[in-house]
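Quick look at target06.txt (compact mmCIF, C-alpha atoms and all ligand atoms):
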# COMPACT_ATOMS: atom_id res chain seq x y z
CA MET A 200 -60.00 191.36 94.03
CA LYS A 201 -59.34 189.30 90.89
CA GLN A 202 -57.52 185.99 91.29
CA ILE A 203 -54.43 185.62 89.17
CA PHE A 204 -52.97 182.71 87.21
CA ILE A 205 -49.29 183.12 86.36
CA ALA A 206 -47.43 180.66 84.13
CA ASN A 207 -43.68 180.64 84.69
CA TRP A 208 -42.07 178.86 81.76
CA LYS A 209 -38.58 179.16 83.24
CA MET A 210 -35.79 178.23 80.75
CA ASN A 211 -38.14 176.18 78.57
CA LEU A 212 -39.87 176.65 75.20
CA ASN A 213 -38.30 178.42 72.24
CA VAL A 214 -40.02 181.35 70.51
CA GLU A 215 -42.12 179.14 68.23
CA GLU A 216 -43.20 176.83 71.04
CA SER A 217 -44.08 179.78 73.27
CA LEU A 218 -46.19 181.35 70.52
CA ASP A 219 -48.00 178.06 69.93
CA LEU A 220 -48.94 177.77 73.58
CA VAL A 221 -50.02 181.38 73.78
CA LYS A 222 -52.29 180.94 70.74
CA LYS A 223 -54.01 177.99 72.41
CA ILE A 224 -54.82 179.81 75.64
CA ASP A 225 -55.75 183.00 73.85
CA SER A 226 -58.38 181.23 71.77
CA LEU A 227 -59.69 179.47 74.87
CA LEU A 228 -60.02 182.75 76.76
CA LYS A 229 -61.86 184.31 73.85
CA LYS A 230 -64.35 181.42 73.68
CA ASN A 231 -64.90 181.22 77.40
CA LYS A 232 -65.90 184.62 78.78
CA ASP A 233 -65.93 183.23 82.32
CA THR A 234 -62.16 183.06 82.32
CA GLU A 235 -61.97 186.83 81.89
CA LYS A 236 -62.92 187.21 85.55
CA ASN A 237 -59.31 186.40 86.41
CA ASP A 238 -55.95 187.77 85.37
CA VAL A 239 -53.91 185.40 83.23
CA VAL A 240 -50.20 186.11 82.85
CA VAL A 241 -47.49 184.25 80.94
CA CYS A 242 -43.80 184.63 81.73
CA PRO A 243 -41.81 183.24 78.79
CA SER A 244 -38.08 183.58 78.26
CA PHE A 245 -36.84 187.10 77.46
CA LEU A 246 -36.31 186.04 73.83
CA SER A 247 -39.99 185.31 73.30
CA LEU A 248 -41.38 188.52 74.80
CA TRP A 249 -41.17 190.57 71.62
CA ALA A 250 -42.95 188.02 69.41
CA ILE A 251 -45.62 187.28 71.99
CA ASN A 252 -46.29 190.97 72.55
CA ASN A 253 -46.77 191.46 68.79
CA TYR A 254 -49.19 188.56 68.74
CA PHE A 255 -51.16 189.92 71.71
CA ASN A 256 -51.38 193.33 70.05
CA GLN A 257 -52.61 191.88 66.77
CA LYS A 258 -55.20 189.69 68.45
CA LYS A 259 -56.18 192.20 71.14
CA SER A 260 -55.50 189.49 73.68
CA LYS A 261 -56.47 189.78 77.34
CA ILE A 262 -53.47 187.71 78.43
CA LYS A 263 -50.77 189.73 80.13
CA LEU A 264 -47.02 189.44 79.87
CA GLY A 265 -44.51 189.00 82.65
CA ALA A 266 -40.72 188.71 82.84
CA GLN A 267 -38.93 186.05 84.86
CA ASN A 268 -36.44 188.54 86.25
CA ILE A 269 -35.32 192.17 85.96
CA PHE A 270 -32.23 194.18 86.75
CA TRP A 271 -32.33 197.04 89.23
CA GLU A 272 -30.86 199.73 87.00
CA GLU A 273 -32.50 201.51 84.08
CA LYS A 274 -29.49 201.26 81.73
CA GLY A 275 -25.70 201.16 81.63
CA ALA A 276 -22.72 198.85 81.74
CA PHE A 277 -24.43 195.75 83.11
CA THR A 278 -23.53 193.03 80.63
CA GLY A 279 -26.20 190.42 80.19
CA GLU A 280 -28.90 192.16 82.20
CA ILE A 281 -32.35 193.36 81.10
CA SER A 282 -33.72 196.63 82.38
CA PRO A 283 -37.30 197.27 83.52
CA LYS A 284 -37.54 200.00 80.91
CA MET A 285 -36.80 197.50 78.13
CA LEU A 286 -39.46 195.22 79.53
CA LYS A 287 -42.01 198.02 79.44
CA GLU A 288 -41.24 198.46 75.73
CA VAL A 289 -42.64 194.98 75.10
CA ASN A 290 -45.61 195.66 77.36
CA CYS A 291 -44.51 193.54 80.28
CA GLN A 292 -46.72 194.30 83.24
CA TYR A 293 -45.33 191.81 85.76
CA ALA A 294 -41.87 190.69 86.85
CA ILE A 295 -41.07 187.61 88.90
CA ILE A 296 -38.48 188.64 91.47
CA GLY A 297 -36.45 186.52 93.89
CA HIS A 298 -37.44 183.10 92.58
CA SER A 299 -35.80 180.39 94.70
CA GLU A 300 -33.99 179.08 91.61
CA ARG A 301 -32.27 182.45 91.32
CA ARG A 302 -31.66 182.76 95.04
CA GLU A 303 -29.98 179.34 94.95
CA ASN A 304 -28.20 179.19 91.57
CA LEU A 305 -27.32 182.85 91.15
CA TRP A 306 -26.89 183.79 94.80
CA GLU A 307 -29.54 186.49 94.72
CA SER A 308 -29.61 188.09 98.13
CA ASP A 309 -32.47 189.74 100.02
CA GLN A 310 -30.80 193.06 99.29
CA MET A 311 -30.68 192.46 95.52
CA ILE A 312 -34.29 191.35 95.61
CA ASN A 313 -35.28 194.51 97.47
CA GLN A 314 -33.50 196.67 94.87
CA LYS A 315 -35.31 194.85 92.09
CA VAL A 316 -38.69 195.23 93.79
CA ARG A 317 -38.20 198.97 94.21
CA THR A 318 -37.02 199.42 90.62
CA ALA A 319 -39.93 197.37 89.28
CA LEU A 320 -42.35 199.63 91.15
CA LYS A 321 -40.57 202.75 89.91
CA PHE A 322 -41.09 201.62 86.31
CA GLY A 323 -44.68 200.50 86.80
CA LEU A 324 -44.07 196.76 86.75
CA THR A 325 -45.94 194.60 89.25
CA PRO A 326 -43.37 192.61 91.22
CA VAL A 327 -44.26 188.99 91.90
CA VAL A 328 -42.00 188.47 94.89
CA CYS A 329 -41.19 184.83 95.58
CA VAL A 330 -40.60 183.64 99.13
CA GLY A 331 -40.45 180.21 100.72
CA GLU A 332 -38.46 177.92 102.92
CA THR A 333 -36.21 175.01 101.92
CA PHE A 334 -36.82 171.52 103.25
CA GLU A 335 -33.92 171.84 105.71
CA GLU A 336 -35.28 175.13 107.02
CA ARG A 337 -38.70 173.59 107.50
CA LYS A 338 -37.19 170.57 109.28
CA ARG A 339 -35.39 172.95 111.63
CA GLY A 340 -38.70 174.68 112.41
CA GLN A 341 -37.64 177.87 110.62
CA ARG A 342 -40.46 178.23 108.12
CA ASP A 343 -42.07 181.22 109.83
CA SER A 344 -38.81 183.06 110.44
CA VAL A 345 -37.56 182.50 106.86
CA ILE A 346 -40.82 183.74 105.37
CA GLY A 347 -40.87 186.70 107.76
CA ARG A 348 -37.30 187.67 106.87
CA GLN A 349 -37.72 187.28 103.11
CA VAL A 350 -40.98 189.25 103.00
CA GLY A 351 -39.74 191.98 105.32
CA ARG A 352 -36.44 192.50 103.50
CA ALA A 353 -37.93 192.33 99.99
CA LEU A 354 -40.34 195.12 100.81
CA GLU A 355 -38.03 197.38 102.82
CA GLY A 356 -38.62 201.01 101.87
CA VAL A 357 -41.73 200.26 99.81
CA LYS A 358 -44.22 203.05 100.42
CA LYS A 359 -47.86 202.54 101.31
CA ASN A 360 -49.07 203.88 97.98
CA GLU A 361 -46.78 201.48 96.07
CA PHE A 362 -47.62 198.49 98.21
CA ARG A 363 -50.94 197.71 96.58
CA LYS A 364 -49.20 196.82 93.28
CA ILE A 365 -47.25 193.98 94.84
CA ILE A 366 -47.94 190.26 94.60
CA ILE A 367 -46.24 187.82 96.94
CA ALA A 368 -45.84 184.24 95.79
CA TYR A 369 -45.38 181.65 98.50
CA GLU A 370 -43.35 178.82 96.97
CA PRO A 371 -42.06 176.21 99.42
CA VAL A 372 -38.76 175.40 97.73
CA TRP A 373 -38.92 171.69 98.49
CA VAL A 374 -42.11 171.08 96.47
CA ILE A 375 -41.09 172.97 93.33
CA GLY A 376 -41.03 170.71 90.29
CA ILE A 377 -41.63 167.45 92.16
CA GLY A 378 -45.29 166.89 91.28
CA GLN A 379 -46.39 166.80 94.92
CA ALA A 380 -47.65 170.07 96.37
CA VAL A 381 -48.02 170.93 100.07
CA GLU A 382 -51.45 170.50 101.62
CA PRO A 383 -53.67 173.48 100.70
CA GLU A 384 -54.29 174.20 104.41
CA ASP A 385 -50.54 174.28 104.96
CA ALA A 386 -50.15 176.79 102.12
CA ALA A 387 -53.02 178.85 103.50
CA TYR A 388 -51.25 179.07 106.86
CA SER A 389 -48.16 180.58 105.18
CA HIS A 390 -50.35 183.01 103.25
CA HIS A 391 -51.88 184.24 106.51
CA LEU A 392 -48.42 184.50 108.00
CA ILE A 393 -47.22 186.67 105.09
CA ARG A 394 -50.13 189.05 105.61
CA LYS A 395 -49.48 189.15 109.35
CA VAL A 396 -45.83 190.10 108.77
CA LEU A 397 -46.98 193.01 106.64
CA PHE A 398 -49.56 194.29 109.14
CA LYS A 399 -46.58 195.78 111.00
CA SER A 400 -45.62 198.13 108.17
CA TYR A 401 -48.90 198.61 106.32
CA SER A 402 -52.41 198.95 107.64
CA GLU A 403 -54.37 195.76 108.13
CA LYS A 404 -57.03 197.17 105.86
CA ILE A 405 -54.61 197.76 102.96
CA VAL A 406 -53.07 194.32 103.35
CA ALA A 407 -56.46 192.63 103.43
CA LYS A 408 -57.86 194.62 100.55
CA ASP A 409 -54.96 195.16 98.17
CA LEU A 410 -52.27 192.53 98.60
CA ARG A 411 -52.47 189.41 96.47
CA VAL A 412 -50.69 186.40 97.93
CA ILE A 413 -50.48 183.42 95.61
CA TYR A 414 -49.24 179.83 95.84
CA GLY A 415 -46.64 178.06 93.69
CA GLY A 416 -45.13 174.57 93.86
CA SER A 417 -46.39 171.54 91.89
CA VAL A 418 -49.76 173.06 91.02
CA ASN A 419 -51.51 170.98 88.34
CA PRO A 420 -55.01 170.49 86.88
CA ASP A 421 -55.90 168.01 89.64
CA ASN A 422 -55.00 170.15 92.63
CA ILE A 423 -55.48 173.73 91.41
CA ASP A 424 -59.04 174.03 92.79
CA SER A 425 -57.96 173.00 96.25
CA PHE A 426 -55.58 175.97 96.35
CA ILE A 427 -57.67 178.69 94.81
CA CYS A 428 -60.63 177.76 97.02
CA GLN A 429 -58.58 178.36 100.16
CA ASP A 430 -59.35 181.49 102.09
CA GLY A 431 -56.50 183.95 101.51
CA ILE A 432 -54.97 182.31 98.40
CA ASP A 433 -55.41 184.77 95.57
CA GLY A 434 -53.99 182.77 92.71
CA VAL A 435 -51.25 180.45 91.56
CA LEU A 436 -47.78 180.55 90.04
CA VAL A 437 -47.37 177.44 87.90
CA GLY A 438 -44.18 175.98 86.43
CA SER A 439 -44.04 172.49 84.85
CA ALA A 440 -47.78 171.96 84.36
CA SER A 441 -48.05 175.24 82.44
CA LEU A 442 -45.70 173.95 79.72
CA GLU A 443 -48.19 171.43 78.37
CA ALA A 444 -51.02 172.87 76.31
CA ASP A 445 -53.74 170.50 77.51
CA LYS A 446 -52.85 170.96 81.18
CA LEU A 447 -52.49 174.71 80.83
CA VAL A 448 -55.82 175.05 79.05
CA LYS A 449 -57.52 172.85 81.66
CA MET A 450 -56.12 174.94 84.53
CA VAL A 451 -57.04 178.30 83.01
CA LYS A 452 -60.53 177.01 82.17
CA SER A 453 -61.29 175.73 85.65
CA PHE A 454 -59.66 178.68 87.31
CA SER A 455 -62.37 180.07 89.52
CA CYS A 456 -63.82 179.23 92.86
CA PRO A 457 -67.38 180.44 93.35
CA LYS A 458 -67.36 179.29 96.97
CA ARG A 459 -64.40 181.46 97.84
CA LYS A 460 -64.88 184.14 100.50
CA LYS A 461 -61.82 186.26 99.71
P1 LIG A 501 -43.62 173.82 89.46
O1 LIG A 501 -45.05 174.18 89.17
O2 LIG A 501 -42.95 173.11 88.36
O3 LIG A 501 -43.50 173.14 90.78
O4 LIG A 501 -42.82 175.20 89.59
C1 LIG A 501 -43.30 176.17 90.45
C2 LIG A 501 -42.52 177.40 90.26
O5 LIG A 501 -41.35 177.45 90.57
C3 LIG A 501 -43.21 178.55 89.65
O6 LIG A 501 -42.45 179.70 89.77
Structure encoded using structure tokens:
Amino acid sequence: MKQIFIANWKMNLNVEESLDLVKKIDSLLKKNKDTEKNDVVVCPSFLSLWAINNYFNQKKSKIKLGAQNIFWEEKGAFTGEISPKMLKEVNCQYAIIGHSERRENLWESDQMINQKVRTALKFGLTPVVCVGETFEERKRGQRDSVIGRQVGRALEGVKKNEFRKIIIAYEPVWVIGIGQAVEPEDAAYSHHLIRKVLFKSYSEKIVAKDLRVIYGGSVNPDNIDSFICQDGIDGVLVGSASLEADKLVKMVKSFSCPKRKK
């Protein structure tokens, strides 16, 4: 299974800045064939998707495009929303769903997240489902139950044949954007927990073979190796550090762990 590097640019970078960054990593990937062993995905703002897709087409880029959110309907009277079908038109292959910033600031519920996951799958987008506990929940000893609930509810009704397209991103809310990640072993524990939760609904074999579980939360060029070399961590979802060209290029370049078992 390929490891995956996903850059989430959140509400940063205008169209020009996004294109600049994309050009830098595209030329790096083309020079360094080793990096092709992994999937590299960028998730810019909706406004930049069109221009970046045109650039990727022109340059036959290997970088893939992702959206930071989707709506759960195909079309209609939903002011301000973006449908999965529109995202497919600009060749989006991935969609981040249920990011903690949306759960918190926009009151996205487990039910909304589940609807989005199912719609993404229906339209052939790979959902990158974000789960993770807040600091208060962790202090109260609720990490496992929060992760269990979020994973279980997000995937309710997802069939076995759709399941293999899903990526789960474990992002402990309290380390997002602070520059200090959790210990890699701590993240690995949550990754194992996520798989264990899913053994109940999907066969152990499918979960082990097909599900990618990735880590997000203050990943940077100095700590990225310690995460991707952990057993059971299949990639990273990077925010702040992916906004700076030199850091982004460094991370994508060093993104492989030969020692890794799975
Ligand atoms: P940071 O890398 O800035 O902590 O953000 C992580 C994140 O939220 C990615 O989705």
Name each residue within 7 Å of ligand LIG 501 (chain A), counting all atoms listed in the file, as a PDB file with C-alpha atoms, in the frame of the given file.
ATOM      1  CA  ASN A 207     -43.680 180.640  84.690  1.00  0.00           C
ATOM      2  CA  HIS A 298     -37.440 183.100  92.580  1.00  0.00           C
ATOM      3  CA  GLU A 370     -43.350 178.820  96.970  1.00  0.00           C
ATOM      4  CA  VAL A 374     -42.110 171.080  96.470  1.00  0.00           C
ATOM      5  CA  ILE A 375     -41.090 172.970  93.330  1.00  0.00           C
ATOM      6  CA  GLY A 376     -41.030 170.710  90.290  1.00  0.00           C
ATOM      7  CA  ILE A 377     -41.630 167.450  92.160  1.00  0.00           C
ATOM      8  CA  GLY A 378     -45.290 166.890  91.280  1.00  0.00           C
ATOM      9  CA  GLY A 415     -46.640 178.060  93.690  1.00  0.00           C
ATOM     10  CA  GLY A 416     -45.130 174.570  93.860  1.00  0.00           C
ATOM     11  CA  SER A 417     -46.390 171.540  91.890  1.00  0.00           C
ATOM     12  CA  VAL A 418     -49.760 173.060  91.020  1.00  0.00           C
ATOM     13  CA  LEU A 436     -47.780 180.550  90.040  1.00  0.00           C
ATOM     14  CA  VAL A 437     -47.370 177.440  87.900  1.00  0.00           C
ATOM     15  CA  GLY A 438     -44.180 175.980  86.430  1.00  0.00           C
ATOM     16  CA  SER A 439     -44.040 172.490  84.850  1.00  0.00           C
ATOM     17  CA  ALA A 440     -47.780 171.960  84.360  1.00  0.00           C
TER      18      ALA A 440
END
*With distances taken over all atoms listed in the file, which of A:Ser282, A:Asn231, A:Ser244, A:Asn256 is nearest to Ser217 of chain A?*
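Answer, going by the shortest atom-to-atom distance: A:Ser244.
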*Could you state the separation of atom CA of Ile224 of chain A and atom CA of Leu442 of chain A in Å, given to one decimal place?*
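Separation of atom CA of Ile224 of chain A and atom CA of Leu442 of chain A: 11.6 Å.
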Per-residue nearest contacts segment 351-370 of chain A to segment 393-411 of chain A, cut-off 8 Å, using all atoms listed in the file, as JSON lines:
{"residue": "A:Gly351", "atom": "CA", "partner": "A:Val396", "partner_atom": "CA", "distance": 7.2}
{"residue": "A:Lys359", "atom": "CA", "partner": "A:Tyr401", "partner_atom": "CA", "distance": 6.5}
{"residue": "A:Phe362", "atom": "CA", "partner": "A:Leu410", "partner_atom": "CA", "distance": 7.6}
{"residue": "A:Arg363", "atom": "CA", "partner": "A:Asp409", "partner_atom": "CA", "distance": 5.0}
{"residue": "A:Lys364", "atom": "CA", "partner": "A:Leu410", "partner_atom": "CA", "distance": 7.5}
{"residue": "A:Ile365", "atom": "CA", "partner": "A:Leu410", "partner_atom": "CA", "distance": 6.4}
{"residue": "A:Ile366", "atom": "CA", "partner": "A:Arg411", "partner_atom": "CA", "distance": 5.0}
{"residue": "A:Ile367", "atom": "CA", "partner": "A:Arg411", "partner_atom": "CA", "distance": 6.4}
_Which of A:Lys201, A:Lys284, A:Lys263, A:Lys258 sits closest to Ala319 of chain A [using all atoms listed in the file]_ =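 Nearest candidate to Ala319 of chain A out of A:Lys201, A:Lys284, A:Lys263, A:Lys258: A:Lys284.
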*May I ask which of the residues A:Glu300, A:Ser260, A:Asp343, A:Ser247 is the closest one to Lys229 of chain A, counting all atoms listed in the file?*
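With all atoms listed in the file as the atom set, the closest residue is A:Ser260.
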*asked:* Which residue is closest to Met311 of chain A? Choose from A:Thr325, A:Arg352, A:Ile346, A:Arg337 and count only C-alpha atoms.
replied: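 Between A:Thr325, A:Arg352, A:Ile346, A:Arg337, the residue approaching Met311 of chain A most closely is A:Arg352.
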_Pick from A:Leu286, A:Cys242, A:Ile262, A:Ala368 nearest to Lys209 of chain A, counting only C-alpha atoms_ = A:Cys242
*Pairwise distance for atom CA of Trp373 of chain A and atom CA of Phe270 of chain A, rounded to one decimal in Å*: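 Separating atom CA of Trp373 of chain A from atom CA of Phe270 of chain A is a distance of 26.2 Å.
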*Which of these, A:Lys287, A:Thr333, A:Asp421, A:Lys449, has the shortest distance to Arg302 of chain A once you count only C-alpha atoms?*
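Looking only at the distances to Arg302 of chain A, the closest residue turns out to be A:Thr333.
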*atom CA of Phe454 of chain A to atom CA of Leu392 of chain A: how many Å, to one decimal?*
24.3 Å
Please produce, as CSV, a per-residue contact table for segment 233-320 of chain A versus segment 203-206 of chain A (criterion: any atom at most 12 Å away, only C-alpha atoms considered), showing the nearest atom pair and its distance in Å to one decimal, sorted by chain then residue number.
residue,atom,partner,partner_atom,distance
A:Thr234,CA,A:Phe204,CA,10.4
A:Glu235,CA,A:Ile203,CA,10.6
A:Lys236,CA,A:Ile203,CA,9.4
A:Asn237,CA,A:Ile203,CA,5.7
A:Asp238,CA,A:Ile203,CA,4.6
A:Val239,CA,A:Phe204,CA,4.9
A:Val240,CA,A:Ile205,CA,4.7
A:Val241,CA,A:Ala206,CA,4.8
A:Cys242,CA,A:Ala206,CA,5.9
A:Pro243,CA,A:Ala206,CA,8.2
A:Ser244,CA,A:Ala206,CA,11.4
A:Ile262,CA,A:Ile205,CA,10.1
A:Lys263,CA,A:Ile205,CA,9.2
A:Leu264,CA,A:Ile205,CA,9.3
A:Gly265,CA,A:Ile205,CA,8.4
A:Ala266,CA,A:Ala206,CA,10.6
A:Gln267,CA,A:Ala206,CA,10.1
A:Gln292,CA,A:Ile205,CA,11.9
A:Tyr293,CA,A:Ile205,CA,9.6
A:Ala294,CA,A:Ile205,CA,10.6
A:Ile295,CA,A:Ile205,CA,9.7
Could you turn the residues from that selection into a file that holds C-alpha atoms, as a PDB file, in the frame of the given file?
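The result, stored in selection-v1.pdb:
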ATOM      1  CA  THR A 234     -62.160 183.060  82.320  1.00  0.00           C
ATOM      2  CA  GLU A 235     -61.970 186.830  81.890  1.00  0.00           C
ATOM      3  CA  LYS A 236     -62.920 187.210  85.550  1.00  0.00           C
ATOM      4  CA  ASN A 237     -59.310 186.400  86.410  1.00  0.00           C
ATOM      5  CA  ASP A 238     -55.950 187.770  85.370  1.00  0.00           C
ATOM      6  CA  VAL A 239     -53.910 185.400  83.230  1.00  0.00           C
ATOM      7  CA  VAL A 240     -50.200 186.110  82.850  1.00  0.00           C
ATOM      8  CA  VAL A 241     -47.490 184.250  80.940  1.00  0.00           C
ATOM      9  CA  CYS A 242     -43.800 184.630  81.730  1.00  0.00           C
ATOM     10  CA  PRO A 243     -41.810 183.240  78.790  1.00  0.00           C
ATOM     11  CA  SER A 244     -38.080 183.580  78.260  1.00  0.00           C
ATOM     12  CA  ILE A 262     -53.470 187.710  78.430  1.00  0.00           C
ATOM     13  CA  LYS A 263     -50.770 189.730  80.130  1.00  0.00           C
ATOM     14  CA  LEU A 264     -47.020 189.440  79.870  1.00  0.00           C
ATOM     15  CA  GLY A 265     -44.510 189.000  82.650  1.00  0.00           C
ATOM     16  CA  ALA A 266     -40.720 188.710  82.840  1.00  0.00           C
ATOM     17  CA  GLN A 267     -38.930 186.050  84.860  1.00  0.00           C
ATOM     18  CA  GLN A 292     -46.720 194.300  83.240  1.00  0.00           C
ATOM     19  CA  TYR A 293     -45.330 191.810  85.760  1.00  0.00           C
ATOM     20  CA  ALA A 294     -41.870 190.690  86.850  1.00  0.00           C
ATOM     21  CA  ILE A 295     -41.070 187.610  88.900  1.00  0.00           C
TER      22      ILE A 295
END
_Excluding Lys274 of chain A and its own-chain neighbours fewer than 2 positions away, which residues fall within 9 Å of it when counting only C-alpha atoms? Please give them as a VMD selection string._
chain A and resid 272 276 to 277 281 to 285
Could you complete segment 421-440 of chain A so that it carries N, CA and C atoms, and give it back as a PDB file, keeping the file's coordinate frame?
ATOM      1  N   ASP A 421     -55.163 168.769  88.615  1.00  0.00           N
ATOM      2  CA  ASP A 421     -55.900 168.010  89.640  1.00  0.00           C
ATOM      3  C   ASP A 421     -55.964 168.714  90.987  1.00  0.00           C
ATOM      4  N   ASN A 422     -54.976 169.549  91.280  1.00  0.00           N
ATOM      5  CA  ASN A 422     -55.000 170.150  92.630  1.00  0.00           C
ATOM      6  C   ASN A 422     -55.270 171.658  92.624  1.00  0.00           C
ATOM      7  N   ILE A 423     -55.376 172.262  91.458  1.00  0.00           N
ATOM      8  CA  ILE A 423     -55.480 173.730  91.410  1.00  0.00           C
ATOM      9  C   ILE A 423     -56.695 174.254  92.207  1.00  0.00           C
ATOM     10  N   ASP A 424     -57.831 173.565  92.084  1.00  0.00           N
ATOM     11  CA  ASP A 424     -59.040 174.030  92.790  1.00  0.00           C
ATOM     12  C   ASP A 424     -58.832 174.062  94.300  1.00  0.00           C
ATOM     13  N   SER A 425     -58.114 173.065  94.801  1.00  0.00           N
ATOM     14  CA  SER A 425     -57.960 173.000  96.250  1.00  0.00           C
ATOM     15  C   SER A 425     -57.148 174.189  96.769  1.00  0.00           C
ATOM     16  N   PHE A 426     -56.336 174.787  95.920  1.00  0.00           N
ATOM     17  CA  PHE A 426     -55.580 175.970  96.350  1.00  0.00           C
ATOM     18  C   PHE A 426     -56.405 177.243  96.195  1.00  0.00           C
ATOM     19  N   ILE A 427     -56.995 177.403  95.023  1.00  0.00           N
ATOM     20  CA  ILE A 427     -57.670 178.690  94.810  1.00  0.00           C
ATOM     21  C   ILE A 427     -58.979 178.809  95.599  1.00  0.00           C
ATOM     22  N   CYS A 428     -59.429 177.676  96.168  1.00  0.00           N
ATOM     23  CA  CYS A 428     -60.630 177.760  97.020  1.00  0.00           C
ATOM     24  C   CYS A 428     -60.264 178.007  98.477  1.00  0.00           C
ATOM     25  N   GLN A 429     -58.988 178.081  98.781  1.00  0.00           N
ATOM     26  CA  GLN A 429     -58.580 178.360 100.160  1.00  0.00           C
ATOM     27  C   GLN A 429     -58.739 179.843 100.456  1.00  0.00           C
ATOM     28  N   ASP A 430     -59.243 180.117 101.630  1.00  0.00           N
ATOM     29  CA  ASP A 430     -59.350 181.490 102.090  1.00  0.00           C
ATOM     30  C   ASP A 430     -57.945 182.117 102.092  1.00  0.00           C
ATOM     31  N   GLY A 431     -57.789 183.246 101.445  1.00  0.00           N
ATOM     32  CA  GLY A 431     -56.500 183.950 101.510  1.00  0.00           C
ATOM     33  C   GLY A 431     -55.522 183.587 100.409  1.00  0.00           C
ATOM     34  N   ILE A 432     -55.853 182.623  99.544  1.00  0.00           N
ATOM     35  CA  ILE A 432     -54.970 182.310  98.400  1.00  0.00           C
ATOM     36  C   ILE A 432     -55.580 182.974  97.163  1.00  0.00           C
ATOM     37  N   ASP A 433     -54.838 183.919  96.630  1.00  0.00           N
ATOM     38  CA  ASP A 433     -55.410 184.770  95.570  1.00  0.00           C
ATOM     39  C   ASP A 433     -55.004 184.358  94.168  1.00  0.00           C
ATOM     40  N   GLY A 434     -54.383 183.206  94.038  1.00  0.00           N
ATOM     41  CA  GLY A 434     -53.990 182.770  92.710  1.00  0.00           C
ATOM     42  C   GLY A 434     -52.856 181.774  92.784  1.00  0.00           C
ATOM     43  N   VAL A 435     -52.308 181.462  91.619  1.00  0.00           N
ATOM     44  CA  VAL A 435     -51.250 180.450  91.560  1.00  0.00           C
ATOM     45  C   VAL A 435     -50.133 180.868  90.604  1.00  0.00           C
ATOM     46  N   LEU A 436     -48.948 180.363  90.906  1.00  0.00           N
ATOM     47  CA  LEU A 436     -47.780 180.550  90.040  1.00  0.00           C
ATOM     48  C   LEU A 436     -47.363 179.137  89.622  1.00  0.00           C
ATOM     49  N   VAL A 437     -47.510 178.831  88.343  1.00  0.00           N
ATOM     50  CA  VAL A 437     -47.370 177.440  87.900  1.00  0.00           C
ATOM     51  C   VAL A 437     -46.166 177.268  86.976  1.00  0.00           C
ATOM     52  N   GLY A 438     -45.345 176.275  87.267  1.00  0.00           N
ATOM     53  CA  GLY A 438     -44.180 175.980  86.430  1.00  0.00           C
ATOM     54  C   GLY A 438     -44.493 174.841  85.464  1.00  0.00           C
ATOM     55  N   SER A 439     -43.982 173.647  85.770  1.00  0.00           N
ATOM     56  CA  SER A 439     -44.040 172.490  84.850  1.00  0.00           C
ATOM     57  C   SER A 439     -45.392 172.276  84.173  1.00  0.00           C
ATOM     58  N   ALA A 440     -46.474 172.289  84.948  1.00  0.00           N
ATOM     59  CA  ALA A 440     -47.780 171.960  84.360  1.00  0.00           C
ATOM     60  C   ALA A 440     -48.235 173.008  83.349  1.00  0.00           C
TER      61      ALA A 440
END
